[in-house]
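Participant: Submitted below is the structure of interest, expressed as structure tokens.
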Protein chains: 2
Amino acid sequence: MQTAGVKMRVLLIEDDNVLGGAVADQIRADGHGVDRAARLADAQDALDAQPFDLILLDLMLPDGRGIPFLKALRARGDVTPVIILTALDQVSDRIAGLQAGADDYLVKPFDLAELSARIGAVSRRYAGNPNPLVELGDIQIDLGGRVVTQAGRLVALTAREWALLEAFVSRPTQLFTKAQLEELLYSFDDSVGSNTIEVHVSHLRKKLGKGLIVTERGMGYRLGQT
Amino acid sequence: MQTAGVKMRVLLIEDDNVLGGAVADQIRADGHGVDRAARLADAQDALDAQPFDLILLDLMLPDGRGIPFLKALRARGDVTPVIILTALDQVSDRIAGLQAGADDYLVKPFDLAELSARIGAVSRRYAGNPNPLVELGDIQIDLGGRVVTQAGRLVALTAREWALLEAFVSRPTQLFTKAQLEELLYSFDDSVGSNTIEVHVSHLRKKLGKGLIVTERGMGYRLGQT
DNA sequence: AAATGTCTTCAGCTTGCCTTCAGGTTCACA
DNA sequence: TGTGAACCTGAAGGCAAGCTGAAGACATTT
């Protein structure tokens, strides 16, 4: 059924030469391009040098574990799809990976055909999603790069403010209750009292204009129309 | 990083009552809504009746296997994310599922925490996809996002108005007595006098048109046809 | 250790939604 | 067609929800 079949640039982060070679061959056979990195430092260099469409990340590497790497990647605002490769067949590790922002995982030893299927799924899923740059009136928001400019001037946002703005912008019409926003800012179990959300909304409005976020009394907030 | 928490409507297609119940409970505990179907025919009915944000599909069902069902779904252009549940721990089956258009799979027996993580991943991944809309004449209602538009124009509803509209729309044929509606707006024991419901219905009609809600004298209200 | 900057809490103020009430209108049935 | 009951709807006060300035807690940097 599915047409699929977009050529992608894949970054393979894997230190085992035998496995890595086999995987790289398979990906090339599927018609994609591959770069290999054996260490996280190399991987970082590769990512700095050029963007990739997919990252295959081994969790056990000589210079550090993969999950912090992934977390840092996501914290930087990078949304490149990541598939984790792991020998750890433990539920908790896989969950940690997914929660750190991975899109999928494969437990070693995995079948090469399965790898192809997974890559194909990611390719289909992300087909036609270029780098998002949102404009709202005179405000420009680069979701990938985490940059906000207003009338050409760069506006500095704090972490919380950014998280809020990102939520609103990525679902431009949706209404968010305060509870939803709290859940979003505070990775669960950090129960937060008081009116934090209100305060951050207030700050955002101060920086980017009153109209940016509309409050609907008794329900929540939503992105303003412009 | 982000643990986004958007409430989703999940369709669980699973004929095992024990497993199904546990899964449904877990999903509800995560703050999502669940509908269950034990057979593919029921599942089809549910899908025809209302859109879902995620489908959990057991591959072994009394009235047919899941993969053809999934293929048919995709052939119809439905892009609702699907996670396959399967007892078949065979690579070929998982690949077949992914190639039929599934987004992920879980092999039974699976950990409920892992289920949550997977659902969370899907929720995150698809954040930004528009929610399915209910249409009534020229009115569009996004139940998940709490958005109402009429002829493309966004209509602002207050909390009470939205609660009413939501009730009517989610049960399009049912007749609601005023007592039922009061109970629905005022989490019990907040006994309310007077004609509050009438007033809010009036406001709704003013905003969205006379025909939206039909009153059946002496009985209650119901959603208008169209 | 001081400085800087962010996040949270608190408190007083502002705002607008909800309810109530009252008078008008419609409907069912005689 | 007349009558009563049910329903509609405009207006207004009260009160809870939301806004925002300020200050303390905490982490990070110089």
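Identifiers in the structure tokens: chain A, B, ... in order shown; residue index from 1 per chain; ligand index from 1 in order shown.
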Just list the residues in stretch 1-224 of chain B DSSP gives strand (DSSP E) on the backbone, as a PyMOL selection string.
Facilitator: chain B and resi 9-13+33-37+54-58+60-61+64-65+82-86+104-107+134-136+139-142+147-150+153-154+213-216+220-223
Participant: For the alpha helix (DSSP H) assignment from backbone DSSP, which residues of stretch 110-187 of chain B qualify? Please present them as a PyMOL selection string.
Facilitator: chain B and resi 112-125+159-170+178-185
Participant: What does the file look like for those residues with N, CA and C atoms, as a short mmCIF file (atom, residue, chain, number, x, y, z; two decimals), in the first residue's frame?
Facilitator:
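Result file follows (result.cif):
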```cif
data_model
loop_
_atom_site.label_atom_id
_atom_site.label_comp_id
_atom_site.auth_asym_id
_atom_site.auth_seq_id
_atom_site.Cartn_x
_atom_site.Cartn_y
_atom_site.Cartn_z
N LEU B 112 2.55 -2.38 31.66
CA LEU B 112 1.61 -1.27 31.53
C LEU B 112 2.34 0.07 31.48
N ALA B 113 3.46 0.16 32.22
CA ALA B 113 4.24 1.40 32.19
C ALA B 113 4.77 1.63 30.78
N GLU B 114 5.13 0.53 30.13
CA GLU B 114 5.64 0.69 28.78
C GLU B 114 4.53 1.15 27.84
N LEU B 115 3.35 0.60 28.04
CA LEU B 115 2.20 1.06 27.25
C LEU B 115 2.04 2.57 27.38
N SER B 116 2.11 3.03 28.63
CA SER B 116 1.98 4.48 28.86
C SER B 116 3.04 5.25 28.10
N ALA B 117 4.26 4.76 28.16
CA ALA B 117 5.35 5.45 27.49
C ALA B 117 5.10 5.52 25.99
N ARG B 118 4.64 4.40 25.42
CA ARG B 118 4.38 4.37 23.98
C ARG B 118 3.27 5.33 23.60
N ILE B 119 2.21 5.32 24.41
CA ILE B 119 1.10 6.22 24.11
C ILE B 119 1.56 7.66 24.22
N GLY B 120 2.39 7.92 25.25
CA GLY B 120 2.92 9.27 25.40
C GLY B 120 3.75 9.67 24.19
N ALA B 121 4.54 8.73 23.67
CA ALA B 121 5.38 9.02 22.51
C ALA B 121 4.51 9.36 21.31
N VAL B 122 3.47 8.58 21.11
CA VAL B 122 2.57 8.86 19.99
C VAL B 122 1.93 10.23 20.18
N SER B 123 1.50 10.47 21.41
CA SER B 123 0.84 11.75 21.69
C SER B 123 1.76 12.91 21.38
N ARG B 124 3.03 12.75 21.76
CA ARG B 124 4.00 13.80 21.50
C ARG B 124 4.24 13.95 20.00
N ARG B 125 4.40 12.80 19.36
CA ARG B 125 4.76 12.79 17.95
C ARG B 125 3.69 13.46 17.11
N ALA B 159 -17.19 28.91 29.78
CA ALA B 159 -17.03 27.56 30.33
C ALA B 159 -18.36 26.81 30.33
N ARG B 160 -19.39 27.42 30.83
CA ARG B 160 -20.69 26.76 30.92
C ARG B 160 -21.26 26.47 29.55
N GLU B 161 -21.10 27.40 28.67
CA GLU B 161 -21.60 27.19 27.31
C GLU B 161 -20.89 26.01 26.67
N TRP B 162 -19.60 25.94 26.87
CA TRP B 162 -18.86 24.84 26.27
C TRP B 162 -19.30 23.50 26.86
N ALA B 163 -19.48 23.48 28.16
CA ALA B 163 -19.88 22.24 28.81
C ALA B 163 -21.20 21.74 28.23
N LEU B 164 -22.11 22.64 28.04
CA LEU B 164 -23.39 22.26 27.46
C LEU B 164 -23.20 21.72 26.05
N LEU B 165 -22.53 22.50 25.23
CA LEU B 165 -22.35 22.09 23.84
C LEU B 165 -21.67 20.73 23.74
N GLU B 166 -20.69 20.53 24.59
CA GLU B 166 -19.98 19.26 24.60
C GLU B 166 -20.92 18.10 24.89
N ALA B 167 -21.79 18.33 25.86
CA ALA B 167 -22.75 17.28 26.21
C ALA B 167 -23.63 16.94 25.01
N PHE B 168 -24.17 17.95 24.39
CA PHE B 168 -25.07 17.72 23.26
C PHE B 168 -24.35 17.04 22.12
N VAL B 169 -23.17 17.53 21.80
CA VAL B 169 -22.47 17.03 20.63
C VAL B 169 -21.99 15.59 20.83
N SER B 170 -21.60 15.27 22.06
CA SER B 170 -21.05 13.93 22.25
C SER B 170 -22.16 12.88 22.28
N LYS B 178 -33.47 19.06 31.96
CA LYS B 178 -32.75 20.16 32.60
C LYS B 178 -32.01 19.65 33.84
N ALA B 179 -32.65 18.74 34.56
CA ALA B 179 -32.00 18.18 35.74
C ALA B 179 -30.68 17.51 35.37
N GLN B 180 -30.69 16.75 34.29
CA GLN B 180 -29.46 16.08 33.85
C GLN B 180 -28.38 17.10 33.52
N LEU B 181 -28.78 18.12 32.83
CA LEU B 181 -27.80 19.13 32.42
C LEU B 181 -27.23 19.87 33.63
N GLU B 182 -28.10 20.14 34.58
CA GLU B 182 -27.61 20.81 35.80
C GLU B 182 -26.58 19.93 36.50
N GLU B 183 -26.94 18.67 36.62
CA GLU B 183 -26.03 17.73 37.27
C GLU B 183 -24.68 17.72 36.56
N LEU B 184 -24.76 17.91 35.26
CA LEU B 184 -23.58 17.84 34.43
C LEU B 184 -22.71 19.10 34.58
N LEU B 185 -23.34 20.22 34.76
CA LEU B 185 -22.58 21.46 34.89
C LEU B 185 -22.06 21.68 36.30
#
```
Participant: Choose the residue, out of D:DC19, D:DG14, D:DT30, D:DA25, that has the smallest atom-to-atom separation from chain A; count only C-alpha atoms (C1' of nucleotides).
Facilitator: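 Among the listed residues, the smallest separation from chain A belongs to D:DC19.
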Participant: Listing only residues of chain A within 9 Å of chain C, what is the closest atom pair and its distance in Å (to one decimal) for each, using only C-alpha atoms (C1' of nucleotides), sorted by chain and residue number ascending, as CSV?
Facilitator:
```
residue,atom,partner,partner_atom,distance
A:Thr158,CA,C:DT6,C1',7.4
A:Ala159,CA,C:DT6,C1',8.7
A:Arg160,CA,C:DC7,C1',8.6
A:Gly193,CA,C:DT9,C1',8.9
A:Ser194,CA,C:DT9,C1',6.9
A:Asn195,CA,C:DT9,C1',8.3
A:Thr196,CA,C:DT8,C1',6.7
A:Arg217,CA,C:DC17,C1',7.7
A:Gly218,CA,C:DC17,C1',8.5
```
Participant: Wanna dump the chain A-chain D contacts at 12 Å for me, each residue with its shortest atom pair and the distance in Å to one decimal, counting only C-alpha atoms (C1' of nucleotides), ordered by chain and number, as a tab-separated table?
Facilitator:
```
residue	atom	partner	partner_atom	distance
A:Lys178	CA	D:DG18	C1'	11.6
A:Asn195	CA	D:DG18	C1'	9.4
A:Thr196	CA	D:DG18	C1'	11.9
A:Ile197	CA	D:DG18	C1'	10.8
A:Glu198	CA	D:DG18	C1'	7.5
A:Val199	CA	D:DT20	C1'	7.8
A:His200	CA	D:DT20	C1'	10.7
A:Val201	CA	D:DC19	C1'	9.7
A:Ser202	CA	D:DC19	C1'	7.3
A:His203	CA	D:DT20	C1'	9.1
A:Arg205	CA	D:DC19	C1'	11.0
A:Lys206	CA	D:DT20	C1'	10.2
A:Lys210	CA	D:DC19	C1'	11.7
A:Val214	CA	D:DG18	C1'	11.7
A:Thr215	CA	D:DG18	C1'	8.6
A:Glu216	CA	D:DG18	C1'	9.8
A:Arg217	CA	D:DA17	C1'	6.7
A:Gly218	CA	D:DA17	C1'	6.8
A:Met219	CA	D:DA17	C1'	10.0
A:Gly220	CA	D:DG18	C1'	10.2
A:Tyr221	CA	D:DG18	C1'	11.1
```
Participant: Those residues you just picked out, can you put them in a file as a PDB file, in the first residue's frame with N, CA and C atoms?
Facilitator:
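Contents of the output file out.pdb:
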```pdb
ATOM      1  N   LYS A 178      -5.072  25.085  32.487  1.00  0.00           N
ATOM      2  CA  LYS A 178      -3.874  25.309  33.292  1.00  0.00           C
ATOM      3  C   LYS A 178      -3.263  23.982  33.727  1.00  0.00           C
ATOM      4  N   ASN A 195       0.078  29.961  41.283  1.00  0.00           N
ATOM      5  CA  ASN A 195      -0.355  30.438  39.975  1.00  0.00           C
ATOM      6  C   ASN A 195       0.795  30.613  38.991  1.00  0.00           C
ATOM      7  N   THR A 196       1.689  29.650  38.998  1.00  0.00           N
ATOM      8  CA  THR A 196       2.871  29.740  38.141  1.00  0.00           C
ATOM      9  C   THR A 196       2.523  29.998  36.687  1.00  0.00           C
ATOM     10  N   ILE A 197       1.580  29.246  36.203  1.00  0.00           N
ATOM     11  CA  ILE A 197       1.234  29.395  34.789  1.00  0.00           C
ATOM     12  C   ILE A 197       0.801  30.827  34.497  1.00  0.00           C
ATOM     13  N   GLU A 198      -0.043  31.345  35.353  1.00  0.00           N
ATOM     14  CA  GLU A 198      -0.497  32.719  35.156  1.00  0.00           C
ATOM     15  C   GLU A 198       0.678  33.685  35.060  1.00  0.00           C
ATOM     16  N   VAL A 199       1.637  33.471  35.937  1.00  0.00           N
ATOM     17  CA  VAL A 199       2.790  34.374  35.957  1.00  0.00           C
ATOM     18  C   VAL A 199       3.578  34.287  34.655  1.00  0.00           C
ATOM     19  N   HIS A 200       3.833  33.065  34.202  1.00  0.00           N
ATOM     20  CA  HIS A 200       4.618  32.932  32.973  1.00  0.00           C
ATOM     21  C   HIS A 200       3.849  33.464  31.772  1.00  0.00           C
ATOM     22  N   VAL A 201       2.564  33.249  31.771  1.00  0.00           N
ATOM     23  CA  VAL A 201       1.759  33.814  30.685  1.00  0.00           C
ATOM     24  C   VAL A 201       1.892  35.331  30.709  1.00  0.00           C
ATOM     25  N   SER A 202       1.828  35.866  31.901  1.00  0.00           N
ATOM     26  CA  SER A 202       1.960  37.313  32.041  1.00  0.00           C
ATOM     27  C   SER A 202       3.295  37.796  31.473  1.00  0.00           C
ATOM     28  N   HIS A 203       4.361  37.077  31.798  1.00  0.00           N
ATOM     29  CA  HIS A 203       5.685  37.461  31.300  1.00  0.00           C
ATOM     30  C   HIS A 203       5.750  37.388  29.776  1.00  0.00           C
ATOM     31  N   ARG A 205       3.348  37.682  27.695  1.00  0.00           N
ATOM     32  CA  ARG A 205       2.577  38.779  27.116  1.00  0.00           C
ATOM     33  C   ARG A 205       3.360  40.084  27.191  1.00  0.00           C
ATOM     34  N   LYS A 206       4.071  40.227  28.294  1.00  0.00           N
ATOM     35  CA  LYS A 206       4.853  41.455  28.453  1.00  0.00           C
ATOM     36  C   LYS A 206       5.929  41.540  27.373  1.00  0.00           C
ATOM     37  N   LYS A 210       0.254  41.776  24.305  1.00  0.00           N
ATOM     38  CA  LYS A 210      -0.950  41.315  24.998  1.00  0.00           C
ATOM     39  C   LYS A 210      -1.725  40.270  24.199  1.00  0.00           C
ATOM     40  N   VAL A 214      -4.583  34.384  24.512  1.00  0.00           N
ATOM     41  CA  VAL A 214      -5.918  34.785  24.929  1.00  0.00           C
ATOM     42  C   VAL A 214      -6.348  33.919  26.104  1.00  0.00           C
ATOM     43  N   THR A 215      -6.887  34.550  27.139  1.00  0.00           N
ATOM     44  CA  THR A 215      -7.387  33.706  28.218  1.00  0.00           C
ATOM     45  C   THR A 215      -8.888  33.541  28.100  1.00  0.00           C
ATOM     46  N   GLU A 216      -9.327  32.327  28.301  1.00  0.00           N
ATOM     47  CA  GLU A 216     -10.755  32.061  28.314  1.00  0.00           C
ATOM     48  C   GLU A 216     -11.113  31.644  29.731  1.00  0.00           C
ATOM     49  N   ARG A 217     -11.706  32.557  30.379  1.00  0.00           N
ATOM     50  CA  ARG A 217     -12.004  32.470  31.803  1.00  0.00           C
ATOM     51  C   ARG A 217     -12.683  31.150  32.186  1.00  0.00           C
ATOM     52  N   GLY A 218     -12.125  30.519  33.173  1.00  0.00           N
ATOM     53  CA  GLY A 218     -12.728  29.279  33.648  1.00  0.00           C
ATOM     54  C   GLY A 218     -12.335  28.064  32.825  1.00  0.00           C
ATOM     55  N   MET A 219     -11.651  28.268  31.704  1.00  0.00           N
ATOM     56  CA  MET A 219     -11.281  27.152  30.849  1.00  0.00           C
ATOM     57  C   MET A 219      -9.777  27.049  30.683  1.00  0.00           C
ATOM     58  N   GLY A 220      -9.148  28.127  30.231  1.00  0.00           N
ATOM     59  CA  GLY A 220      -7.712  28.040  30.025  1.00  0.00           C
ATOM     60  C   GLY A 220      -7.229  29.118  29.083  1.00  0.00           C
ATOM     61  N   TYR A 221      -6.143  28.789  28.350  1.00  0.00           N
ATOM     62  CA  TYR A 221      -5.548  29.757  27.437  1.00  0.00           C
ATOM     63  C   TYR A 221      -5.481  29.177  26.035  1.00  0.00           C
TER      64      TYR A 221
END
```
Participant: One decimal, in Å: what's the spacing between atom CA of A:Leu223 and atom CA of B:Leu157?
Facilitator: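 Atom CA of A:Leu223 sits 15.1 Å away from atom CA of B:Leu157.
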